[in-house]
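File shown: upload_11.cif (mmCIF, N, CA and C atoms).
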```cif
data_target
#
loop_
_atom_site.label_atom_id
_atom_site.label_comp_id
_atom_site.auth_asym_id
_atom_site.auth_seq_id
_atom_site.Cartn_x
_atom_site.Cartn_y
_atom_site.Cartn_z
N MET N 242 41.32 121.67 103.02
CA MET N 242 41.51 120.52 103.89
C MET N 242 41.79 119.27 103.07
N LYS N 243 41.07 119.12 101.94
CA LYS N 243 41.29 117.95 101.10
C LYS N 243 42.73 117.91 100.60
N PHE N 244 43.25 119.09 100.28
CA PHE N 244 44.63 119.17 99.79
C PHE N 244 45.60 118.57 100.82
N TYR N 245 45.42 118.92 102.07
CA TYR N 245 46.32 118.41 103.12
C TYR N 245 46.16 116.91 103.33
N LEU N 246 44.96 116.40 103.21
CA LEU N 246 44.75 114.97 103.33
C LEU N 246 45.40 114.22 102.18
N VAL N 247 45.28 114.75 100.97
CA VAL N 247 45.92 114.13 99.81
C VAL N 247 47.43 114.19 99.97
N LEU N 248 47.95 115.34 100.38
CA LEU N 248 49.38 115.50 100.60
C LEU N 248 49.90 114.52 101.65
N LEU N 249 49.19 114.41 102.75
CA LEU N 249 49.57 113.48 103.81
C LEU N 249 49.53 112.04 103.31
N SER N 250 48.52 111.68 102.56
CA SER N 250 48.42 110.33 102.01
C SER N 250 49.58 110.01 101.08
N MET N 251 49.93 110.98 100.23
CA MET N 251 51.04 110.77 99.31
C MET N 251 52.36 110.62 100.06
N LEU N 252 52.53 111.42 101.09
CA LEU N 252 53.74 111.33 101.90
C LEU N 252 53.84 109.97 102.58
N MET N 253 52.76 109.50 103.14
CA MET N 253 52.76 108.20 103.81
C MET N 253 53.02 107.08 102.81
N LEU N 254 52.46 107.18 101.63
CA LEU N 254 52.69 106.17 100.60
C LEU N 254 54.15 106.16 100.19
N ASN N 255 54.74 107.32 100.03
CA ASN N 255 56.15 107.43 99.65
C ASN N 255 57.05 106.82 100.72
N VAL N 256 56.78 107.11 101.98
CA VAL N 256 57.58 106.56 103.07
C VAL N 256 57.41 105.05 103.16
N SER N 257 56.20 104.56 102.96
CA SER N 257 55.97 103.12 103.07
C SER N 257 56.60 102.34 101.93
N CYS N 258 56.85 102.99 100.80
CA CYS N 258 57.48 102.32 99.67
C CYS N 258 58.97 102.10 99.90
N ALA N 259 59.58 102.94 100.69
CA ALA N 259 61.01 102.80 100.97
C ALA N 259 61.20 101.70 102.01
N GLN N 260 62.20 100.87 101.78
CA GLN N 260 62.48 99.78 102.71
C GLN N 260 63.59 100.22 103.65
N MET N 261 63.25 100.95 104.67
CA MET N 261 64.22 101.39 105.65
C MET N 261 64.24 100.35 106.75
N SER N 262 65.29 99.57 106.79
CA SER N 262 65.36 98.51 107.77
C SER N 262 66.75 98.47 108.39
N SER N 263 66.87 97.61 109.37
CA SER N 263 68.17 97.45 110.03
C SER N 263 68.42 95.97 110.28
N LYS N 264 69.67 95.68 110.53
CA LYS N 264 70.08 94.31 110.76
C LYS N 264 71.36 94.35 111.60
N PRO N 265 71.50 93.46 112.58
CA PRO N 265 72.76 93.43 113.33
C PRO N 265 73.93 93.11 112.41
N ILE N 266 74.98 93.88 112.53
CA ILE N 266 76.14 93.70 111.66
C ILE N 266 76.75 92.31 111.85
N THR N 267 76.58 91.74 113.02
CA THR N 267 77.15 90.42 113.32
C THR N 267 76.40 89.29 112.63
N GLU N 268 75.24 89.59 112.04
CA GLU N 268 74.45 88.56 111.36
C GLU N 268 74.55 88.65 109.84
N VAL N 269 75.42 89.50 109.34
CA VAL N 269 75.57 89.67 107.90
C VAL N 269 76.62 88.69 107.38
N SER N 270 76.25 87.93 106.36
CA SER N 270 77.17 86.95 105.78
C SER N 270 78.03 87.58 104.70
N GLN N 271 79.14 86.94 104.38
CA GLN N 271 80.01 87.43 103.32
C GLN N 271 79.29 87.40 101.97
N ASN N 272 78.46 86.39 101.73
CA ASN N 272 77.68 86.34 100.50
C ASN N 272 76.75 87.54 100.38
N GLU N 273 76.16 87.91 101.50
CA GLU N 273 75.27 89.07 101.53
C GLU N 273 76.05 90.34 101.20
N ILE N 274 77.21 90.50 101.82
CA ILE N 274 78.06 91.68 101.59
C ILE N 274 78.45 91.77 100.12
N ASN N 275 78.70 90.63 99.50
CA ASN N 275 79.11 90.63 98.10
C ASN N 275 77.98 90.98 97.14
N SER N 276 76.74 90.93 97.62
CA SER N 276 75.61 91.17 96.73
C SER N 276 74.96 92.55 96.91
N VAL N 277 75.55 93.39 97.76
CA VAL N 277 75.00 94.72 98.02
C VAL N 277 76.10 95.77 97.86
N ILE N 278 75.70 97.02 97.93
CA ILE N 278 76.67 98.10 97.99
C ILE N 278 76.90 98.37 99.48
N LEU N 279 78.12 98.16 99.92
CA LEU N 279 78.48 98.29 101.33
C LEU N 279 79.21 99.61 101.54
N VAL N 280 78.67 100.45 102.43
CA VAL N 280 79.24 101.77 102.65
C VAL N 280 79.57 101.98 104.13
N ASP N 281 80.83 102.32 104.37
CA ASP N 281 81.32 102.67 105.70
C ASP N 281 81.26 104.19 105.78
N VAL N 282 80.45 104.73 106.68
CA VAL N 282 80.26 106.18 106.76
C VAL N 282 81.15 106.84 107.81
N ARG N 283 82.13 106.11 108.30
CA ARG N 283 83.06 106.69 109.28
C ARG N 283 84.09 107.59 108.58
N THR N 284 84.92 108.23 109.37
CA THR N 284 85.97 109.08 108.82
C THR N 284 87.03 108.22 108.13
N PRO N 285 87.81 108.81 107.24
CA PRO N 285 88.88 108.05 106.59
C PRO N 285 89.86 107.43 107.59
N ALA N 286 90.17 108.12 108.68
CA ALA N 286 91.08 107.57 109.69
C ALA N 286 90.48 106.33 110.35
N GLU N 287 89.19 106.37 110.67
CA GLU N 287 88.52 105.20 111.25
C GLU N 287 88.51 104.05 110.26
N TYR N 288 88.21 104.36 109.01
CA TYR N 288 88.16 103.36 107.94
C TYR N 288 89.53 102.68 107.79
N GLU N 289 90.59 103.46 107.76
CA GLU N 289 91.94 102.91 107.60
C GLU N 289 92.34 102.04 108.78
N ALA N 290 91.79 102.28 109.95
CA ALA N 290 92.11 101.48 111.14
C ALA N 290 91.48 100.09 111.07
N GLY N 291 90.54 99.90 110.15
CA GLY N 291 89.88 98.60 109.97
C GLY N 291 88.49 98.79 109.41
N HIS N 292 88.11 97.95 108.46
CA HIS N 292 86.79 98.03 107.84
C HIS N 292 86.39 96.68 107.27
N LEU N 293 85.12 96.55 106.93
CA LEU N 293 84.64 95.33 106.30
C LEU N 293 85.15 95.25 104.88
N GLU N 294 85.46 94.04 104.46
CA GLU N 294 85.93 93.81 103.09
C GLU N 294 84.88 94.30 102.09
N ASN N 295 85.33 94.95 101.04
CA ASN N 295 84.50 95.48 99.95
C ASN N 295 83.71 96.74 100.34
N ALA N 296 83.98 97.31 101.50
CA ALA N 296 83.26 98.52 101.91
C ALA N 296 83.89 99.75 101.26
N GLU N 297 83.03 100.63 100.78
CA GLU N 297 83.48 101.91 100.25
C GLU N 297 83.33 102.94 101.36
N ASN N 298 84.32 103.78 101.53
CA ASN N 298 84.28 104.80 102.58
C ASN N 298 83.69 106.09 102.02
N ILE N 299 82.51 106.45 102.55
CA ILE N 299 81.89 107.73 102.23
C ILE N 299 81.60 108.40 103.58
N ASN N 300 82.45 109.33 103.93
CA ASN N 300 82.43 109.98 105.24
C ASN N 300 81.14 110.78 105.45
N TRP N 301 80.40 110.44 106.50
CA TRP N 301 79.16 111.13 106.84
C TRP N 301 79.39 112.63 107.03
N PHE N 302 80.56 113.01 107.52
CA PHE N 302 80.83 114.42 107.82
C PHE N 302 81.26 115.24 106.59
N ASP N 303 81.50 114.61 105.45
CA ASP N 303 81.87 115.35 104.25
C ASP N 303 80.68 116.17 103.76
N GLU N 304 80.96 117.37 103.31
CA GLU N 304 79.87 118.23 102.82
C GLU N 304 79.25 117.69 101.53
N ASN N 305 79.97 116.84 100.81
CA ASN N 305 79.43 116.26 99.58
C ASN N 305 78.95 114.82 99.78
N PHE N 306 78.58 114.48 101.01
CA PHE N 306 78.13 113.12 101.32
C PHE N 306 77.04 112.65 100.37
N SER N 307 75.99 113.41 100.23
CA SER N 307 74.86 113.00 99.39
C SER N 307 75.25 112.85 97.93
N GLU N 308 76.08 113.75 97.44
CA GLU N 308 76.49 113.72 96.04
C GLU N 308 77.30 112.46 95.71
N ARG N 309 77.99 111.92 96.68
CA ARG N 309 78.80 110.72 96.46
C ARG N 309 77.94 109.51 96.07
N PHE N 310 76.65 109.57 96.32
CA PHE N 310 75.73 108.46 96.01
C PHE N 310 75.05 108.61 94.66
N GLU N 311 75.29 109.72 93.97
CA GLU N 311 74.58 109.99 92.72
C GLU N 311 74.77 108.91 91.66
N ALA N 312 75.90 108.23 91.65
CA ALA N 312 76.15 107.19 90.64
C ALA N 312 75.47 105.86 91.00
N ILE N 313 74.91 105.78 92.18
CA ILE N 313 74.26 104.55 92.64
C ILE N 313 72.77 104.64 92.32
N GLY N 314 72.24 103.59 91.72
CA GLY N 314 70.82 103.56 91.39
C GLY N 314 69.94 103.61 92.62
N LYS N 315 68.81 104.26 92.51
CA LYS N 315 67.90 104.43 93.65
C LYS N 315 67.32 103.10 94.14
N ASN N 316 67.34 102.06 93.30
CA ASN N 316 66.79 100.76 93.71
C ASN N 316 67.85 99.75 94.11
N GLU N 317 69.10 100.17 94.14
CA GLU N 317 70.17 99.28 94.59
C GLU N 317 70.04 99.06 96.10
N THR N 318 70.47 97.90 96.57
CA THR N 318 70.48 97.66 98.01
C THR N 318 71.79 98.19 98.58
N ILE N 319 71.66 99.08 99.56
CA ILE N 319 72.81 99.72 100.18
C ILE N 319 72.82 99.36 101.66
N TYR N 320 73.95 98.81 102.13
CA TYR N 320 74.15 98.58 103.56
C TYR N 320 75.09 99.66 104.07
N VAL N 321 74.71 100.34 105.14
CA VAL N 321 75.56 101.37 105.74
C VAL N 321 75.92 100.98 107.16
N TYR N 322 77.16 101.30 107.53
CA TYR N 322 77.59 101.08 108.91
C TYR N 322 78.58 102.15 109.32
N CYS N 323 78.74 102.30 110.64
CA CYS N 323 79.70 103.26 111.18
C CYS N 323 80.38 102.59 112.38
N LYS N 324 80.72 103.34 113.38
CA LYS N 324 81.40 102.79 114.55
C LYS N 324 80.44 102.00 115.44
N LYS N 325 79.29 102.60 115.77
CA LYS N 325 78.33 101.95 116.65
C LYS N 325 76.90 101.90 116.10
N GLY N 326 76.56 102.78 115.18
CA GLY N 326 75.24 102.76 114.58
C GLY N 326 74.56 104.11 114.46
N GLY N 327 75.06 105.13 115.11
CA GLY N 327 74.42 106.45 115.09
C GLY N 327 74.54 107.16 113.75
N ARG N 328 75.75 107.28 113.24
CA ARG N 328 75.96 107.95 111.96
C ARG N 328 75.30 107.18 110.83
N SER N 329 75.38 105.85 110.89
CA SER N 329 74.78 105.06 109.81
C SER N 329 73.26 105.19 109.82
N PHE N 330 72.66 105.36 110.99
CA PHE N 330 71.22 105.58 111.07
C PHE N 330 70.86 106.91 110.40
N LYS N 331 71.65 107.95 110.69
CA LYS N 331 71.42 109.26 110.06
C LYS N 331 71.63 109.18 108.55
N ALA N 332 72.65 108.43 108.14
CA ALA N 332 72.91 108.26 106.71
C ALA N 332 71.75 107.53 106.05
N GLN N 333 71.23 106.52 106.71
CA GLN N 333 70.08 105.78 106.19
C GLN N 333 68.89 106.71 106.01
N GLN N 334 68.63 107.56 106.98
CA GLN N 334 67.51 108.50 106.88
C GLN N 334 67.71 109.46 105.72
N ARG N 335 68.92 109.98 105.56
CA ARG N 335 69.17 110.92 104.47
C ARG N 335 69.01 110.25 103.12
N LEU N 336 69.58 109.05 102.97
CA LEU N 336 69.48 108.35 101.69
C LEU N 336 68.03 108.01 101.35
N THR N 337 67.27 107.63 102.34
CA THR N 337 65.85 107.34 102.12
C THR N 337 65.12 108.60 101.69
N ALA N 338 65.44 109.73 102.32
CA ALA N 338 64.84 111.00 101.93
C ALA N 338 65.22 111.40 100.51
N LEU N 339 66.39 110.96 100.06
CA LEU N 339 66.84 111.26 98.70
C LEU N 339 66.22 110.31 97.66
N GLY N 340 65.47 109.32 98.12
CA GLY N 340 64.77 108.43 97.20
C GLY N 340 65.35 107.04 97.06
N TYR N 341 66.39 106.72 97.83
CA TYR N 341 66.92 105.35 97.79
C TYR N 341 65.94 104.46 98.53
N THR N 342 65.57 103.34 97.90
CA THR N 342 64.47 102.53 98.42
C THR N 342 64.89 101.35 99.28
N LYS N 343 66.15 100.95 99.22
CA LYS N 343 66.59 99.77 99.97
C LYS N 343 67.89 100.08 100.71
N VAL N 344 67.75 100.76 101.83
CA VAL N 344 68.91 101.14 102.64
C VAL N 344 68.80 100.42 103.97
N VAL N 345 69.83 99.66 104.32
CA VAL N 345 69.84 98.87 105.55
C VAL N 345 70.94 99.39 106.46
N ASN N 346 70.57 99.73 107.68
CA ASN N 346 71.52 100.17 108.69
C ASN N 346 72.04 98.93 109.43
N LEU N 347 73.35 98.75 109.43
CA LEU N 347 73.94 97.61 110.13
C LEU N 347 74.18 97.99 111.59
N GLU N 348 73.29 97.50 112.44
CA GLU N 348 73.29 97.83 113.86
C GLU N 348 74.55 97.33 114.57
N GLY N 349 75.01 98.11 115.51
CA GLY N 349 76.18 97.73 116.31
C GLY N 349 77.47 98.27 115.72
N GLY N 350 77.46 98.50 114.42
CA GLY N 350 78.61 99.09 113.74
C GLY N 350 79.86 98.24 113.76
N TYR N 351 80.94 98.88 113.35
CA TYR N 351 82.21 98.17 113.21
C TYR N 351 82.70 97.64 114.56
N ASP N 352 82.41 98.34 115.64
CA ASP N 352 82.83 97.86 116.96
C ASP N 352 82.25 96.47 117.26
N ALA N 353 80.97 96.27 116.97
CA ALA N 353 80.34 94.97 117.22
C ALA N 353 80.95 93.90 116.31
N TYR N 354 81.20 94.27 115.07
CA TYR N 354 81.81 93.34 114.12
C TYR N 354 83.21 92.92 114.59
N ALA N 355 84.02 93.90 114.99
CA ALA N 355 85.40 93.62 115.43
C ALA N 355 85.40 92.79 116.71
N GLU N 356 84.45 93.05 117.60
CA GLU N 356 84.37 92.29 118.84
C GLU N 356 84.05 90.82 118.58
N LYS N 357 83.22 90.57 117.57
CA LYS N 357 82.85 89.19 117.23
C LYS N 357 84.02 88.42 116.61
N GLN N 358 84.89 89.13 115.90
CA GLN N 358 86.02 88.49 115.23
C GLN N 358 87.02 88.02 116.20
#
```

So, in terms of structure tokens, how does the structure I just supplied come out?
Amino acid sequence: MKFYLVLLSMLMLNVSCAQMSSKPITEVSQNEINSVILVDVRTPAEYEAGHLENAENINWFDENFSERFEAIGKNETIYVYCKKGGRSFKAQQRLTALGYTKVVNLEGGYDAYAEKQ
């Protein structure tokens, strides 16, 4: 029983150390975008139809999605977005599970951003 309590405590500590947060995409400034790693997780066709400046396209549906992040440090701040927020939320969860500590999901996605423009 003690083993399970220790295991549960360690798991909770690990999850609490990761900064999994979200922010409306419409509230992100250009200065903020320039200071983080910005990732568009939509398909290449969606990306080509329009994307945020300085965004790198890493398609959520690619089988090598996780591997594409290997060159990025685990403590770098990564902002992820998609069309509306669903894929980027899943991407945020996966990246956090892989040990990335500062992953921010941009709520509303590209559609909200384009609507504001």

Checklist line | Sel. of helix (DSSP H, G or I) residues, stretch 301-344 of chain N, as a ChimeraX atom specification | finding: /N:307-310,327-338

Export, as a PDB file, in the frame of the given file, the selected residues with N, CA and C atoms.
```
ATOM      1  N   SER N 307      75.990 113.410 100.230  1.00  0.00           N
ATOM      2  CA  SER N 307      74.860 113.000  99.390  1.00  0.00           C
ATOM      3  C   SER N 307      75.250 112.850  97.930  1.00  0.00           C
ATOM      4  N   GLU N 308      76.080 113.750  97.440  1.00  0.00           N
ATOM      5  CA  GLU N 308      76.490 113.720  96.040  1.00  0.00           C
ATOM      6  C   GLU N 308      77.300 112.460  95.710  1.00  0.00           C
ATOM      7  N   ARG N 309      77.990 111.920  96.680  1.00  0.00           N
ATOM      8  CA  ARG N 309      78.800 110.720  96.460  1.00  0.00           C
ATOM      9  C   ARG N 309      77.940 109.510  96.070  1.00  0.00           C
ATOM     10  N   PHE N 310      76.650 109.570  96.320  1.00  0.00           N
ATOM     11  CA  PHE N 310      75.730 108.460  96.010  1.00  0.00           C
ATOM     12  C   PHE N 310      75.050 108.610  94.660  1.00  0.00           C
ATOM     13  N   GLY N 327      75.060 105.130 115.110  1.00  0.00           N
ATOM     14  CA  GLY N 327      74.420 106.450 115.090  1.00  0.00           C
ATOM     15  C   GLY N 327      74.540 107.160 113.750  1.00  0.00           C
ATOM     16  N   ARG N 328      75.750 107.280 113.240  1.00  0.00           N
ATOM     17  CA  ARG N 328      75.960 107.950 111.960  1.00  0.00           C
ATOM     18  C   ARG N 328      75.300 107.180 110.830  1.00  0.00           C
ATOM     19  N   SER N 329      75.380 105.850 110.890  1.00  0.00           N
ATOM     20  CA  SER N 329      74.780 105.060 109.810  1.00  0.00           C
ATOM     21  C   SER N 329      73.260 105.190 109.820  1.00  0.00           C
ATOM     22  N   PHE N 330      72.660 105.360 110.990  1.00  0.00           N
ATOM     23  CA  PHE N 330      71.220 105.580 111.070  1.00  0.00           C
ATOM     24  C   PHE N 330      70.860 106.910 110.400  1.00  0.00           C
ATOM     25  N   LYS N 331      71.650 107.950 110.690  1.00  0.00           N
ATOM     26  CA  LYS N 331      71.420 109.260 110.060  1.00  0.00           C
ATOM     27  C   LYS N 331      71.630 109.180 108.550  1.00  0.00           C
ATOM     28  N   ALA N 332      72.650 108.430 108.140  1.00  0.00           N
ATOM     29  CA  ALA N 332      72.910 108.260 106.710  1.00  0.00           C
ATOM     30  C   ALA N 332      71.750 107.530 106.050  1.00  0.00           C
ATOM     31  N   GLN N 333      71.230 106.520 106.710  1.00  0.00           N
ATOM     32  CA  GLN N 333      70.080 105.780 106.190  1.00  0.00           C
ATOM     33  C   GLN N 333      68.890 106.710 106.010  1.00  0.00           C
ATOM     34  N   GLN N 334      68.630 107.560 106.980  1.00  0.00           N
ATOM     35  CA  GLN N 334      67.510 108.500 106.880  1.00  0.00           C
ATOM     36  C   GLN N 334      67.710 109.460 105.720  1.00  0.00           C
ATOM     37  N   ARG N 335      68.920 109.980 105.560  1.00  0.00           N
ATOM     38  CA  ARG N 335      69.170 110.920 104.470  1.00  0.00           C
ATOM     39  C   ARG N 335      69.010 110.250 103.120  1.00  0.00           C
ATOM     40  N   LEU N 336      69.580 109.050 102.970  1.00  0.00           N
ATOM     41  CA  LEU N 336      69.480 108.350 101.690  1.00  0.00           C
ATOM     42  C   LEU N 336      68.030 108.010 101.350  1.00  0.00           C
ATOM     43  N   THR N 337      67.270 107.630 102.340  1.00  0.00           N
ATOM     44  CA  THR N 337      65.850 107.340 102.120  1.00  0.00           C
ATOM     45  C   THR N 337      65.120 108.600 101.690  1.00  0.00           C
ATOM     46  N   ALA N 338      65.440 109.730 102.320  1.00  0.00           N
ATOM     47  CA  ALA N 338      64.840 111.000 101.930  1.00  0.00           C
ATOM     48  C   ALA N 338      65.220 111.400 100.510  1.00  0.00           C
TER      49      ALA N 338
END
```

Checklist line | Target residues per the PyMOL selection byres ((chain N and resi 278-295) around 7), formatted as a list in words | finding: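 Selection result, ordered by chain and number: Ile274, Asn275, Ser276, Val277, Ala296, Glu297, Asn298, Ile299, Asn300, Trp301, Phe302, Glu317, Thr318, Ile319, Tyr320, Val321, Tyr322, Cys323, Lys324, Arg328 and Ser329 of chain N.
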
Next item on the list: Name every residue that the PyMOL selection byres ((chain N and resi 338-350) around 7) selects in this structure, writing the answer as number ranges by chain with chains first and numbers rising.
Entry: N: 258-267, 314-326, 329-330, 333-337, 351-355

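Our summary of the geometry notes that atom CA of N:Lys357 is positioned 17.4 Å from atom CA of N:Glu273.
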
Residues of chain N classed as strand (DSSP E or B) by DSSP on the backbone are to be reported as a JSON list (two decimals) with N, CA and C atoms, keeping the file's coordinate frame.
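Full text of part.json as output:
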```json
[["chain", "number", "residue", "atom", "x", "y", "z"],
["N", 260, "GLN", "N", 62.20, 100.87, 101.78],
["N", 260, "GLN", "CA", 62.48, 99.78, 102.71],
["N", 260, "GLN", "C", 63.59, 100.22, 103.65],
["N", 261, "MET", "N", 63.25, 100.95, 104.67],
["N", 261, "MET", "CA", 64.22, 101.39, 105.65],
["N", 261, "MET", "C", 64.24, 100.35, 106.75],
["N", 262, "SER", "N", 65.29, 99.57, 106.79],
["N", 262, "SER", "CA", 65.36, 98.51, 107.77],
["N", 262, "SER", "C", 66.75, 98.47, 108.39],
["N", 263, "SER", "N", 66.87, 97.61, 109.37],
["N", 263, "SER", "CA", 68.17, 97.45, 110.03],
["N", 263, "SER", "C", 68.42, 95.97, 110.28],
["N", 264, "LYS", "N", 69.67, 95.68, 110.53],
["N", 264, "LYS", "CA", 70.08, 94.31, 110.76],
["N", 264, "LYS", "C", 71.36, 94.35, 111.60],
["N", 265, "PRO", "N", 71.50, 93.46, 112.58],
["N", 265, "PRO", "CA", 72.76, 93.43, 113.33],
["N", 265, "PRO", "C", 73.93, 93.11, 112.41],
["N", 278, "ILE", "N", 75.70, 97.02, 97.93],
["N", 278, "ILE", "CA", 76.67, 98.10, 97.99],
["N", 278, "ILE", "C", 76.90, 98.37, 99.48],
["N", 279, "LEU", "N", 78.12, 98.16, 99.92],
["N", 279, "LEU", "CA", 78.48, 98.29, 101.33],
["N", 279, "LEU", "C", 79.21, 99.61, 101.54],
["N", 280, "VAL", "N", 78.67, 100.45, 102.43],
["N", 280, "VAL", "CA", 79.24, 101.77, 102.65],
["N", 280, "VAL", "C", 79.57, 101.98, 104.13],
["N", 281, "ASP", "N", 80.83, 102.32, 104.37],
["N", 281, "ASP", "CA", 81.32, 102.67, 105.70],
["N", 281, "ASP", "C", 81.26, 104.19, 105.78],
["N", 297, "GLU", "N", 83.03, 100.63, 100.78],
["N", 297, "GLU", "CA", 83.48, 101.91, 100.25],
["N", 297, "GLU", "C", 83.33, 102.94, 101.36],
["N", 298, "ASN", "N", 84.32, 103.78, 101.53],
["N", 298, "ASN", "CA", 84.28, 104.80, 102.58],
["N", 298, "ASN", "C", 83.69, 106.09, 102.02],
["N", 318, "THR", "N", 70.47, 97.90, 96.57],
["N", 318, "THR", "CA", 70.48, 97.66, 98.01],
["N", 318, "THR", "C", 71.79, 98.19, 98.58],
["N", 319, "ILE", "N", 71.66, 99.08, 99.56],
["N", 319, "ILE", "CA", 72.81, 99.72, 100.18],
["N", 319, "ILE", "C", 72.82, 99.36, 101.66],
["N", 320, "TYR", "N", 73.95, 98.81, 102.13],
["N", 320, "TYR", "CA", 74.15, 98.58, 103.56],
["N", 320, "TYR", "C", 75.09, 99.66, 104.07],
["N", 321, "VAL", "N", 74.71, 100.34, 105.14],
["N", 321, "VAL", "CA", 75.56, 101.37, 105.74],
["N", 321, "VAL", "C", 75.92, 100.98, 107.16],
["N", 322, "TYR", "N", 77.16, 101.30, 107.53],
["N", 322, "TYR", "CA", 77.59, 101.08, 108.91],
["N", 322, "TYR", "C", 78.58, 102.15, 109.32],
["N", 343, "LYS", "N", 66.15, 100.95, 99.22],
["N", 343, "LYS", "CA", 66.59, 99.77, 99.97],
["N", 343, "LYS", "C", 67.89, 100.08, 100.71],
["N", 344, "VAL", "N", 67.75, 100.76, 101.83],
["N", 344, "VAL", "CA", 68.91, 101.14, 102.64],
["N", 344, "VAL", "C", 68.80, 100.42, 103.97],
["N", 345, "VAL", "N", 69.83, 99.66, 104.32],
["N", 345, "VAL", "CA", 69.84, 98.87, 105.55],
["N", 345, "VAL", "C", 70.94, 99.39, 106.46],
["N", 346, "ASN", "N", 70.57, 99.73, 107.68],
["N", 346, "ASN", "CA", 71.52, 100.17, 108.69],
["N", 346, "ASN", "C", 72.04, 98.93, 109.43],
["N", 347, "LEU", "N", 73.35, 98.75, 109.43],
["N", 347, "LEU", "CA", 73.94, 97.61, 110.13],
["N", 347, "LEU", "C", 74.18, 97.99, 111.59],
["N", 348, "GLU", "N", 73.29, 97.50, 112.44],
["N", 348, "GLU", "CA", 73.29, 97.83, 113.86],
["N", 348, "GLU", "C", 74.55, 97.33, 114.57]]
```

Next item on the list: Enter the distance from atom N of N:Asn272 to atom C of N:Ala312, in Å, rounded to one decimal.
Entry: 22.4 Å
